[in-house]
Amino acid sequence: DVKVTQSSRYLVKRTGEKVFLECVQDMDHENMFWYRQDPGLGLRLIYFSYDVKMKEKGDIPEGYSVSREKKERFSLILESASTNQTSMYLCASSYTGRRAYFGAGTRLSVL
Amino acid sequence: AQSVTQLGSHVSVSEGALVLLRCNYSSSVPPYLFWYVQYPNQGLQLLLKYTSAATLVKGINGFEAEFKKSETSFHLTKPSAHMSDAAEYFCAAGNAGGTSYGKLTFGQGTILTVHP
């Protein structure tokens with residue numbers, strides 16, 4: 001069974017904290033994605049990785065960084081969390097040209 | 001850059017009526033296209049996908065979508081709405097080539113409400 005696992009379902013952090021969101025896939029997909037989902041805005045791409053150590057900025061990369069040291073793991077880092085980063089974060093993975101598989105999401109609250 | 005536009009953030013239909021959710025993409029080269037559905041408090045599920053094999057694509061739960069290159073559209077339809085179809089629907093497009101070949105861009109989403 002296909003699996004994309006996000007480390008936390010809910011997370012509460014304080015303004016200024018460094019936050020790590022982890023995502024692991026077990027399908028040997030070359031592509032991995034981080035999206036944030038906000039009402040009325042759909043899924044906006046933060047970062048995309050098409051291979052180990054390779055990354056590409058999405059539509060809203062400001063305030064975020066990513067790390068992909070191993071093929072199965074893609075981490076999203078909020079260097080200094082701010083209240084406007086309160087959102088639902090979705091990780092996904094795919095083979096190129098194929099459908100994406102999504103994790104369950106992490107609902108992050110920054111207080 | 002690829003962009004996807006879903007016309008209408010909210011669509012409301014009666015049970016048994018036609019469902020039509022609109023999606024347009026911007027690309028000079030036809031991308032590959034998807035429709036996903038998200039039920040309340042759940043993750044995204046794939047409804048159907050277009051990958052250039054056929055312009056009319058059939059998906060799960062009676063949904064289908066037609067790819068129209070001339071209109072750069074990929075509208076989602078279902079002949080008869082069911083209460084269980086109430087959800088948020090997302091159209092997505094993948095790039096046709098280049099280093100960003102795997103990248104997926106999503107539309108803003110359309111919330112479908114079905115009235116008894």
# chains A, B, ... in the order shown; residues from 1 in each chain; ligands from 1
>>> select_by_dssp(residues="chain A", states="strand (DSSP E)", output="ChimeraX atom specification")
/A:4-6,10-13,19-25,31-38,42-51,54-57,64-70,73-78,87-94,100-102,106-110
>>> residues_around(residues="region 63-65 of chain A", least_positions_apart="5", cutoff="10 Å", atoms="only C-alpha atoms", output="list of chain:residue names")
A:Val19, A:Phe20, A:Ile46, A:Tyr47, A:Lys55, A:Lys57, A:Ser75, A:Leu76, A:Ile77, A:Leu78, A:Glu79, A:Ser80, A:Ala81, A:Ser82, A:Gln85
>>> closest_residue(among="A:Glu72, A:Glu30, A:Glu22, A:Asp59", to="Arg44 (chain A)", atoms="only C-alpha atoms")
A:Asp59
>>> interface_residues(of="chain A", to="chain B", cutoff="9 Å", atoms="only C-alpha atoms", output="PyMOL selection string")
chain A and resi 30-33+39-45+48-50+56+58+90+94-105
>>> write_last_selection(atoms="C-alpha atoms", output="PDB file, in the first residue's frame")
ATOM      1  CA  GLU A  30      11.822  10.896  -7.396  1.00  0.00           C
ATOM      2  CA  ASN A  31       9.539  13.891  -6.862  1.00  0.00           C
ATOM      3  CA  MET A  32       8.453  15.282  -3.517  1.00  0.00           C
ATOM      4  CA  PHE A  33       6.454  18.385  -2.741  1.00  0.00           C
ATOM      5  CA  PRO A  39      -9.227  28.358   2.615  1.00  0.00           C
ATOM      6  CA  GLY A  40      -9.982  29.979  -0.730  1.00  0.00           C
ATOM      7  CA  LEU A  41      -6.379  29.742  -1.904  1.00  0.00           C
ATOM      8  CA  GLY A  42      -6.158  26.065  -2.774  1.00  0.00           C
ATOM      9  CA  LEU A  43      -2.851  24.266  -2.495  1.00  0.00           C
ATOM     10  CA  ARG A  44       0.111  26.534  -3.037  1.00  0.00           C
ATOM     11  CA  LEU A  45       3.474  24.988  -3.769  1.00  0.00           C
ATOM     12  CA  PHE A  48       9.520  20.911  -4.998  1.00  0.00           C
ATOM     13  CA  SER A  49      12.349  18.375  -5.118  1.00  0.00           C
ATOM     14  CA  TYR A  50      12.987  16.238  -8.200  1.00  0.00           C
ATOM     15  CA  GLU A  56      13.196  24.147  -6.778  1.00  0.00           C
ATOM     16  CA  GLY A  58       7.514  26.942  -5.707  1.00  0.00           C
ATOM     17  CA  LEU A  90       0.628  18.856   2.863  1.00  0.00           C
ATOM     18  CA  SER A  94       5.130  11.157  -7.301  1.00  0.00           C
ATOM     19  CA  TYR A  95       6.849   9.567 -10.227  1.00  0.00           C
ATOM     20  CA  THR A  96       7.369  12.121 -12.983  1.00  0.00           C
ATOM     21  CA  GLY A  97       4.248  12.417 -15.111  1.00  0.00           C
ATOM     22  CA  ARG A  98       2.179  10.370 -12.724  1.00  0.00           C
ATOM     23  CA  ARG A  99      -0.332  11.160 -10.012  1.00  0.00           C
ATOM     24  CA  ALA A 100       0.816  12.509  -6.659  1.00  0.00           C
ATOM     25  CA  TYR A 101       0.187  10.728  -3.387  1.00  0.00           C
ATOM     26  CA  PHE A 102      -0.510  12.919  -0.397  1.00  0.00           C
ATOM     27  CA  GLY A 103       0.161  12.652   3.294  1.00  0.00           C
ATOM     28  CA  ALA A 104      -2.583  13.316   5.826  1.00  0.00           C
ATOM     29  CA  GLY A 105      -1.327  16.840   6.477  1.00  0.00           C
TER      30      GLY A 105
END
>>> closest_residue(among="A:Leu11, A:Ile60, A:Cys91, A:Val110", to="Arg73 (chain A)", atoms="only C-alpha atoms")
A:Cys91
>>> atom_distance(atom1="CA of Gly16 (chain A)", atom2="CA of Leu108 (chain A)")
13.8 Å
>>> select_by_dssp(residues="chain B", states="helix (DSSP H, G or I)", output="number ranges by chain")
B: 60-62, 69-71, 83-85
>>> atom_distance(atom1="CA of Lys78 (chain B)", atom2="CA of Glu64 (chain B)")
6.4 Å
>>> atom_distance(atom1="CA of His115 (chain B)", atom2="CA of Met83 (chain B)")
7.2 Å
